[in-house]
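Engineer: For reference, the structure I am asking about is given below.
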Amino acid sequence: MWMIGRAAFVAAFVAALVTAAPLAAQVTQPTDSARPRDSVQRRDSIVMPVADQARGIDSEIRVALYDLLGERAIPALSRLQWLNSSPSVFSTPAAQQQAYRGREDLLFLLAQSYYRLGMTDAFRATAEPVVRGPSGARYASVLHAQLLLDAYRRGEYARAVEMAKALGATETRGLAALVSGLAAYQTGAFAESRASFAMAQQAGPPYAGYAQYMDALAQLRADTSQKTAALAALQTVAGGASGEFREQVRLTAAQLAYESGRYDEAVSLVDAISPTSGLAAQAHLTKAWALFKGNKIAEAGNAFAEFGTRYPDLPERDEARLMSAQVALQLNRTAEAARIFAAVADSANAEVTVLQSDARGALTESARAIVAARAAGILFITDPANGKTIALQDAAGGDVAALLRVVADTVMTTGATVPQLSSLQIVTLTDLMARVNAASGLSGLPRRILFTRASASSNRGEYMQRAQALYSADVAVAVARYRLQERLDQQAAHLAMLQATQARIEAENASLATLATQLQAAQDSLARLALRLDARGTEIRQFFGAQIEATRLLSAENTALIDSVRRRMGPGLGAMENELLSIEAQTSATYRRIADEIDAGLNGALARHPTLALRDSVRVRADRMRTLFAETQGLGNSTRDLMAAEVARTQREGPAGANEMRAALSAAESQRASVESQLIALVERELNARNGAMIAALRHDTEAADFGSASALFFQALEAGGSPGTNEPPRGTSGGAGSAASPRGEQTAPGAPTNSGSNR
């Protein structure tokens with residue numbers, strides 16, 4: 001029984017192994033056919049948009065519009081010029097109808113860019129076809145006012161008046177009404193000018209106050225007997241004005257009071273002008289003349305002397321100094337008068353010497369410096385000391401609000417700040433001084449030349465043309481430089497992206513190297529584990545082989561014992577004993593058969609065991625991972641090399657098209673240099689004309705000073721020969737002597753209000 005029980009234990013253990021192993025192998029090793037498949041094909045995550053040129057053009061135009069709204073005129077002009085010169089959806093009428101923004105929208109914004117940059121020729125050439133085009137009515141409210149202002153700036157007053165008449169009631173805004181009124185004023189149509197000024201007043205700020213001021217002057221020009229009414233109107237305007245405009249109105253009122261013989265009122269109006277105002281110089285001179293005419297001789301002398309000291313760069317300096325000497329002579333201060341007359345003669349002779357000795361070189365260098373500082377316009381401003389020139393913003397007539405009205409489907413972002421057009425700026429002596437002080441290279445030029453009136457020549461008209469050419473050349477250079485810088489910035493951004501990608505690839509390659517070390521360690525560990533598993537598999541086979549062989553031996557021994565019992569007992573065996581022996585024989589045969597079956601299936605059972613089976617699977621996957629990892633490292637290294645080559649090429653070759661853009665910039669700079677040289681020649685010619693006029697004026701002042709000195713010496717001689725003990729002045733030291741010594745005799749205050757309409 002012991003033998004049978006041991007054999008039964010081994011047989012049961014092996015049977016469990018044989019039945020369980022295939023089940024485990026089936027669960028842990030699914031075949032490829034048993035793996036789940038995606039029932040639906042995955043969608044590609046990369047979406048390729050369909051090219052829509054109409055949308056692209058519309059987007060470009062809108063970007064240019066927002067550049068204009070943000071006061072970025074150069075980027076807007078660069079984009080619009082590129083769109084206008086490039087093949088686009090505007091090539092066919094059918095395509096144009098599909099575009100969200102049409103060619104006329106493009107041309108309108110292009111005209112606005114030219115207008116903001118002061119390129120009046122290009123503006124007019126672009127704007128006029130738009131006004132005549134199908135969308136002319138849409139943009140008329142802006143373009144008509146701008147073309148009107150352009151005509152006035154060019155001095156085309158008759159054309160400006162005609163354009164003003166063509167404006168509809170809804171198109172007439174404050175600026176257009178003001179400009180049309182100024183144009184009519186320049187042509188002498190005072191009734192029409194007053195009607196336009198009234199419309200400008202109705203339009204409200206920022207032009208209503210100036211329109212009211214000009215209306216008073218137009219009333220005076222139409223009827224010179226209305227001085228009292230005009231003066232009252234000016235005082236009303238001054239009460240509601242502020243800043244330099246208020247000072248301008250007060251100065252004009254003071255000059256009008258002076259012309260009317262109301263000298264005390266003129267002095268009172270001048271005293272209300274701030275001494276720090278840009279119009280303080282002309283106000284000071286007006287006050288001095290009003291005091292003189294009002295027979296306040298001593299105060300007038302002090303005012304003239306103070307003017308000559310405070311404003312040495314103005315052309316009226318010698319006039320004021322001569323008048324202060326004249327006053328001293330009339331007050332019997334003959335020694336003081338003689339000293340002042342002599343000082344004026346000496347300074348005038350010294351200036352003449354300077355102007356004659358090195359005038360050519362100094363004027364040439366000064367002309368270059370003035371043009372380089374883009375300050376040549378100060379030479380052609382009408383009556384700068386009187387503040388009779390007004391300045392508008394470059395966007396005047398095309399402000400943000402106007403653009404938003406005509407571009408109906410474009411709105412500003414909620415909360416965005418919309419720039420508002422400021423009020424008129426009065427160009428004063430302070431503004432001109434600031435421009436002159438900012439220009440370098442003027443040390444050899446007497447600054448009084450810059451503040452005299454323009455010469456009686458065609459220089460002013462030619463300046464408008466050449467200055468416009470220079471503005472256009474400056475803009476062309478700015479656009480070329482902007483495009484080149486934009487391309488360089490694009491290349492810098494591209495290079496930075498490449499370098500960042502290169503650094504990331506290097507970091508990923510470094511992490512792959514670390515992972516490779518870890519993978520190699522894992523593979524070495526798997527190799528050692530595989531060896532141990534092989535050893536354990538051999539041990540298991542040996543163990544089960546020994547058990548199988550022992551089972552066979554026990555089965556053979558049982559069979560032999562049964563046969564021996566049968567032989568020995570023979571006929572003595574009963575039926576029951578024979579049956580028991582038969583059962584034992586069958587059992588022994590069964591164990592032997594089981595041992596044979598186990599022996600036959602042992603290798604397969606061990607091969608299907610999860611541990612031993614997964615060993616081979618892990619080995620295959622490890623080999624595959626090693627191959628894939630090597631390929632990944634190879635791709636990483638090749639990508640790194642390609643990226644390094646691309647970075648080197650980008651650094652070596654630079655951005656595409658940059659050489660052409662550099663050539664375009666060089667050509668634009670050459671063109672600007674040519675145009676600049678022509679303007680320098682014009683400015684030099686103007687300075688030469690003023691130089692000659694100043695020499696003549698200085699000589700006249702020298703003659704007047706010499707005559708005054710002689711008069712002073714004459715009266716000093718009379719005083720020396722007068723009756724002793726009397727305090728009466730010698731005859732001829734007042735009135736007649738003053739008139740004889742006056743450099744320009746009886747004269748009116750400079751800058752009479754009748755010229756106040758010559759504003760540009």
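Residues are referred to by chain and number: the chain letter is A, B, ... according to the order shown in the structure tokens, the number counts from 1 in that chain, and ligands are numbered separately from 1 in the order shown.
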For Leu665 of chain A, please output as number ranges by chain all residues within 7 Å (counting only C-alpha atoms; exclusion window: fewer than 5 positions along the same chain).

Structural biologist: A: 477, 480-481

Engineer: Taking all heavy atoms for each residue, export the selection above as a compact mmCIF listing (two decimals), in the first residue's frame.

Structural biologist:
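That gives us out_28.txt:
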```txt
# COMPACT_ATOMS: atom_id res chain seq x y z
N VAL A 477 12.83 105.63 -47.77
CA VAL A 477 13.92 105.06 -46.99
C VAL A 477 13.38 104.37 -45.74
O VAL A 477 13.82 103.26 -45.38
CB VAL A 477 14.94 106.16 -46.60
CG1 VAL A 477 15.95 105.64 -45.59
CG2 VAL A 477 15.67 106.67 -47.84
N ALA A 480 11.78 101.08 -46.81
CA ALA A 480 12.81 100.10 -47.17
C ALA A 480 13.53 99.59 -45.93
O ALA A 480 13.80 98.38 -45.80
CB ALA A 480 13.81 100.72 -48.15
N ARG A 481 13.84 100.49 -45.01
CA ARG A 481 14.51 100.07 -43.77
C ARG A 481 13.59 99.20 -42.92
O ARG A 481 14.03 98.22 -42.31
CB ARG A 481 14.98 101.30 -42.99
CG ARG A 481 15.77 100.95 -41.74
CD ARG A 481 16.32 102.19 -41.06
NE ARG A 481 17.41 102.77 -41.83
CZ ARG A 481 17.37 103.95 -42.42
NH1 ARG A 481 16.27 104.70 -42.32
NH2 ARG A 481 18.40 104.41 -43.11
```

Engineer: Counting only C-alpha atoms, what is within 12 Å of segment 571-582 of chain A, bar same-chain residues fewer than 5 positions away, as a ChimeraX atom specification?

Structural biologist: /A:558-566,587-589

Engineer: Given the selection you just returned, output its residues as a file containing N, CA and C atoms, formatted as a PDB file, in the first residue's frame.

Structural biologist:
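Here's the written file part20.pdb:
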```
ATOM      1  N   ASN A 558       5.632  -3.960  -8.784  1.00  0.00           N
ATOM      2  CA  ASN A 558       4.284  -4.423  -8.440  1.00  0.00           C
ATOM      3  C   ASN A 558       3.841  -5.536  -9.383  1.00  0.00           C
ATOM      4  N   THR A 559       4.112  -5.341 -10.643  1.00  0.00           N
ATOM      5  CA  THR A 559       3.723  -6.369 -11.630  1.00  0.00           C
ATOM      6  C   THR A 559       4.454  -7.679 -11.359  1.00  0.00           C
ATOM      7  N   ALA A 560       5.758  -7.557 -11.069  1.00  0.00           N
ATOM      8  CA  ALA A 560       6.544  -8.767 -10.783  1.00  0.00           C
ATOM      9  C   ALA A 560       6.047  -9.469  -9.531  1.00  0.00           C
ATOM     10  N   LEU A 561       5.731  -8.714  -8.501  1.00  0.00           N
ATOM     11  CA  LEU A 561       5.230  -9.296  -7.255  1.00  0.00           C
ATOM     12  C   LEU A 561       3.893 -10.003  -7.481  1.00  0.00           C
ATOM     13  N   ILE A 562       3.019  -9.353  -8.278  1.00  0.00           N
ATOM     14  CA  ILE A 562       1.718  -9.969  -8.570  1.00  0.00           C
ATOM     15  C   ILE A 562       1.917 -11.298  -9.300  1.00  0.00           C
ATOM     16  N   ASP A 563       2.816 -11.294 -10.257  1.00  0.00           N
ATOM     17  CA  ASP A 563       3.072 -12.528 -11.005  1.00  0.00           C
ATOM     18  C   ASP A 563       3.646 -13.604 -10.076  1.00  0.00           C
ATOM     19  N   SER A 564       4.520 -13.193  -9.178  1.00  0.00           N
ATOM     20  CA  SER A 564       5.128 -14.158  -8.249  1.00  0.00           C
ATOM     21  C   SER A 564       4.084 -14.757  -7.325  1.00  0.00           C
ATOM     22  N   VAL A 565       3.157 -13.922  -6.838  1.00  0.00           N
ATOM     23  CA  VAL A 565       2.085 -14.411  -5.954  1.00  0.00           C
ATOM     24  C   VAL A 565       1.226 -15.411  -6.701  1.00  0.00           C
ATOM     25  N   ARG A 566       0.917 -15.089  -7.942  1.00  0.00           N
ATOM     26  CA  ARG A 566       0.093 -15.992  -8.728  1.00  0.00           C
ATOM     27  C   ARG A 566       0.788 -17.344  -8.883  1.00  0.00           C
ATOM     28  N   THR A 587      -3.935  -1.506 -11.801  1.00  0.00           N
ATOM     29  CA  THR A 587      -3.437  -0.247 -11.200  1.00  0.00           C
ATOM     30  C   THR A 587      -1.983  -0.022 -11.551  1.00  0.00           C
ATOM     31  N   SER A 588      -1.200  -1.046 -11.447  1.00  0.00           N
ATOM     32  CA  SER A 588       0.232  -0.915 -11.783  1.00  0.00           C
ATOM     33  C   SER A 588       0.406  -0.515 -13.229  1.00  0.00           C
ATOM     34  N   ALA A 589      -0.441  -1.141 -14.125  1.00  0.00           N
ATOM     35  CA  ALA A 589      -0.349  -0.775 -15.545  1.00  0.00           C
ATOM     36  C   ALA A 589      -0.766   0.682 -15.764  1.00  0.00           C
TER      37      ALA A 589
END
```

Engineer: Find, counting only C-alpha atoms, the residue in A:Leu182, A:Ala111, A:Leu314, A:Ala164 that gets nearest to Thr389 of chain A.

Structural biologist: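 Closest to Thr389 of chain A of all the choices is A:Leu182.
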
Engineer: Name the closest residue to Arg699 of chain A among the candidates A:Ala648, A:Val327, A:Met625, A:Leu355; distances are taken between atoms, counting only C-alpha atoms.

Structural biologist: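 Answer, going by the shortest atom-to-atom distance: A:Leu355.
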
Engineer: Within 12 Å of segment 517-522 of chain A, counting only C-alpha atoms, which residues show up once you throw out same-chain ones fewer than 2 positions away? Write them as an mmCIF file with N, CA, C and O atoms, in the first residue's frame, please.

Structural biologist:
```
data_model
loop_
_atom_site.group_PDB
_atom_site.id
_atom_site.type_symbol
_atom_site.label_atom_id
_atom_site.label_comp_id
_atom_site.auth_asym_id
_atom_site.auth_seq_id
_atom_site.Cartn_x
_atom_site.Cartn_y
_atom_site.Cartn_z
ATOM 1 N N ALA A 510 20.696 63.521 -24.818
ATOM 2 C CA ALA A 510 21.339 63.236 -23.530
ATOM 3 C C ALA A 510 20.472 62.317 -22.684
ATOM 4 O O ALA A 510 20.972 61.384 -22.026
ATOM 5 N N SER A 511 19.143 62.545 -22.695
ATOM 6 C CA SER A 511 18.252 61.656 -21.941
ATOM 7 C C SER A 511 18.235 60.257 -22.547
ATOM 8 O O SER A 511 18.130 59.255 -21.822
ATOM 9 N N LEU A 512 18.365 60.164 -23.891
ATOM 10 C CA LEU A 512 18.452 58.851 -24.523
ATOM 11 C C LEU A 512 19.708 58.110 -24.097
ATOM 12 O O LEU A 512 19.694 56.884 -23.915
ATOM 13 N N ALA A 513 20.805 58.841 -23.948
ATOM 14 C CA ALA A 513 22.046 58.201 -23.499
ATOM 15 C C ALA A 513 21.879 57.634 -22.095
ATOM 16 O O ALA A 513 22.327 56.511 -21.791
ATOM 17 N N THR A 514 21.208 58.412 -21.237
ATOM 18 C CA THR A 514 20.945 57.907 -19.880
ATOM 19 C C THR A 514 20.039 56.685 -19.924
ATOM 20 O O THR A 514 20.264 55.679 -19.224
ATOM 21 N N LEU A 515 19.011 56.751 -20.756
ATOM 22 C CA LEU A 515 18.095 55.625 -20.895
ATOM 23 C C LEU A 515 18.794 54.407 -21.486
ATOM 24 O O LEU A 515 18.481 53.262 -21.127
ATOM 25 N N ASP A 524 21.209 43.179 -19.377
ATOM 26 C CA ASP A 524 22.177 42.300 -18.696
ATOM 27 C C ASP A 524 21.495 41.502 -17.601
ATOM 28 O O ASP A 524 21.766 40.297 -17.414
ATOM 29 N N SER A 525 20.615 42.142 -16.845
ATOM 30 C CA SER A 525 19.879 41.440 -15.787
ATOM 31 C C SER A 525 18.987 40.358 -16.377
ATOM 32 O O SER A 525 18.888 39.243 -15.832
ATOM 33 N N LEU A 526 18.333 40.652 -17.508
ATOM 34 C CA LEU A 526 17.501 39.648 -18.165
ATOM 35 C C LEU A 526 18.326 38.478 -18.661
ATOM 36 O O LEU A 526 17.869 37.317 -18.613
ATOM 37 N N ALA A 527 19.510 38.748 -19.150
ATOM 38 C CA ALA A 527 20.373 37.650 -19.610
ATOM 39 C C ALA A 527 20.740 36.721 -18.452
ATOM 40 O O ALA A 527 20.720 35.486 -18.583
ATOM 41 N N ARG A 528 21.073 37.346 -17.321
ATOM 42 C CA ARG A 528 21.395 36.513 -16.156
ATOM 43 C C ARG A 528 20.168 35.741 -15.679
ATOM 44 O O ARG A 528 20.258 34.569 -15.285
ATOM 45 N N LEU A 529 18.990 36.374 -15.705
ATOM 46 C CA LEU A 529 17.772 35.693 -15.311
ATOM 47 C C LEU A 529 17.463 34.535 -16.248
ATOM 48 O O LEU A 529 17.010 33.463 -15.818
ATOM 49 N N VAL A 618 10.042 37.873 -23.406
ATOM 50 C CA VAL A 618 10.819 39.027 -22.931
ATOM 51 C C VAL A 618 12.104 39.166 -23.724
ATOM 52 O O VAL A 618 12.527 40.283 -24.067
ATOM 53 N N ARG A 619 12.717 38.051 -24.047
ATOM 54 C CA ARG A 619 13.967 38.120 -24.811
ATOM 55 C C ARG A 619 13.712 38.715 -26.195
ATOM 56 O O ARG A 619 14.474 39.556 -26.676
ATOM 57 N N ALA A 622 12.954 42.391 -25.808
ATOM 58 C CA ALA A 622 14.183 43.110 -25.473
ATOM 59 C C ALA A 622 15.042 43.325 -26.715
ATOM 60 O O ALA A 622 15.615 44.399 -26.917
ATOM 61 N N ASP A 623 15.120 42.289 -27.544
ATOM 62 C CA ASP A 623 15.888 42.444 -28.786
ATOM 63 C C ASP A 623 15.248 43.495 -29.698
ATOM 64 O O ASP A 623 15.944 44.320 -30.313
ATOM 65 N N MET A 625 13.339 45.977 -28.675
ATOM 66 C CA MET A 625 13.564 47.282 -28.057
ATOM 67 C C MET A 625 14.978 47.773 -28.319
ATOM 68 O O MET A 625 15.194 48.964 -28.575
ATOM 69 N N ARG A 626 15.933 46.875 -28.278
ATOM 70 C CA ARG A 626 17.315 47.267 -28.543
ATOM 71 C C ARG A 626 17.451 47.802 -29.964
ATOM 72 O O ARG A 626 18.113 48.818 -30.206
ATOM 73 N N THR A 627 16.767 47.143 -30.880
ATOM 74 C CA THR A 627 16.828 47.596 -32.279
ATOM 75 C C THR A 627 16.157 48.964 -32.452
ATOM 76 O O THR A 627 16.702 49.881 -33.086
ATOM 77 N N LEU A 628 14.952 49.084 -31.871
ATOM 78 C CA LEU A 628 14.240 50.363 -31.975
ATOM 79 C C LEU A 628 15.004 51.490 -31.289
ATOM 80 O O LEU A 628 15.043 52.631 -31.780
ATOM 81 N N PHE A 629 15.604 51.193 -30.163
ATOM 82 C CA PHE A 629 16.359 52.224 -29.451
ATOM 83 C C PHE A 629 17.572 52.668 -30.267
ATOM 84 O O PHE A 629 17.885 53.866 -30.315
ATOM 85 N N ALA A 630 18.217 51.719 -30.890
ATOM 86 C CA ALA A 630 19.364 52.077 -31.736
ATOM 87 C C ALA A 630 18.915 52.950 -32.908
ATOM 88 O O ALA A 630 19.581 53.928 -33.274
#
```

Engineer: Please provide as a VMD selection string all residues within 12 Å of Ile449 of chain A, with the sequence filter that same-chain residues fewer than 2 positions apart are discarded (counting only C-alpha atoms).

Structural biologist: chain A and resid 312 to 316 351 355 359 363 366 to 367 378 to 380 436 442 444 to 447 451 to 455 683 to 684 686 to 695 697 to 698

Engineer: Near Phe123 of chain A, within 8 Å and counting only C-alpha atoms, which residues show up once chain neighbours fewer than 6 positions away are dropped, as a list in words?

Structural biologist: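 In the requested format, the answer is Ala111, Gln112, Tyr114 and Tyr115 of chain A.
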
Engineer: Skipping near chain neighbours, those fewer than 4 positions away, what residues fall within 10 Å of Ala280 of chain A using only C-alpha atoms, listed as an MDAnalysis selection string?

Structural biologist: chainID A and resid 247:248 251 270:271 273:276 284:286 385:386 428:430

Engineer: Near segment 544-552 of chain A, within 7 Å and counting only C-alpha atoms, which residues show up once chain neighbours fewer than 4 positions away are dropped, as a tab-separated table (two decimals) with all heavy atoms, in the first residue's frame?

Structural biologist:
```
chain	number	residue	atom	x	y	z
A	7	ALA	N	3.14	6.37	-5.43
A	7	ALA	CA	2.97	6.51	-6.88
A	7	ALA	C	1.76	7.35	-7.21
A	7	ALA	O	1.76	8.17	-8.15
A	7	ALA	CB	2.84	5.13	-7.50
A	540	ILE	N	14.14	21.04	-13.00
A	540	ILE	CA	12.77	20.54	-12.96
A	540	ILE	C	12.65	19.29	-13.81
A	540	ILE	O	12.00	18.29	-13.42
A	540	ILE	CB	11.79	21.63	-13.41
A	540	ILE	CG1	11.73	22.77	-12.38
A	540	ILE	CG2	10.39	21.07	-13.64
A	540	ILE	CD1	10.92	23.95	-12.82
A	556	ALA	N	6.81	-1.71	-12.27
A	556	ALA	CA	7.39	-2.99	-12.69
A	556	ALA	C	7.51	-3.93	-11.50
A	556	ALA	O	7.24	-5.15	-11.60
A	556	ALA	CB	8.75	-2.75	-13.33
A	592	ARG	N	2.00	3.02	-14.76
A	592	ARG	CA	3.06	3.00	-15.78
A	592	ARG	C	2.63	3.82	-16.99
A	592	ARG	O	3.43	4.58	-17.56
A	592	ARG	CB	3.35	1.54	-16.18
A	592	ARG	CG	4.50	1.46	-17.20
A	592	ARG	CD	4.85	0.04	-17.54
A	592	ARG	NE	5.95	0.02	-18.49
A	592	ARG	CZ	7.23	0.12	-18.19
A	592	ARG	NH1	7.56	0.23	-16.89
A	592	ARG	NH2	8.15	0.10	-19.13
A	595	ALA	N	2.89	7.43	-16.11
A	595	ALA	CA	4.30	7.86	-16.13
A	595	ALA	C	4.77	8.07	-17.55
A	595	ALA	O	5.51	9.02	-17.86
A	595	ALA	CB	5.15	6.83	-15.40
A	599	ASP	N	5.94	11.58	-19.06
A	599	ASP	CA	7.27	11.68	-19.68
A	599	ASP	C	7.15	12.26	-21.08
A	599	ASP	O	7.97	13.08	-21.50
A	599	ASP	CB	7.90	10.30	-19.70
A	599	ASP	CG	9.35	10.36	-20.18
A	599	ASP	OD1	9.99	11.44	-19.97
A	599	ASP	OD2	9.85	9.39	-20.77
```

Engineer: To one decimal place in Å, what is the distance between atom CA of Gln219 of chain A and atom CA of Asp264 of chain A?

Structural biologist: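 Rounded to one decimal, the two atoms are 23.8 Å apart.
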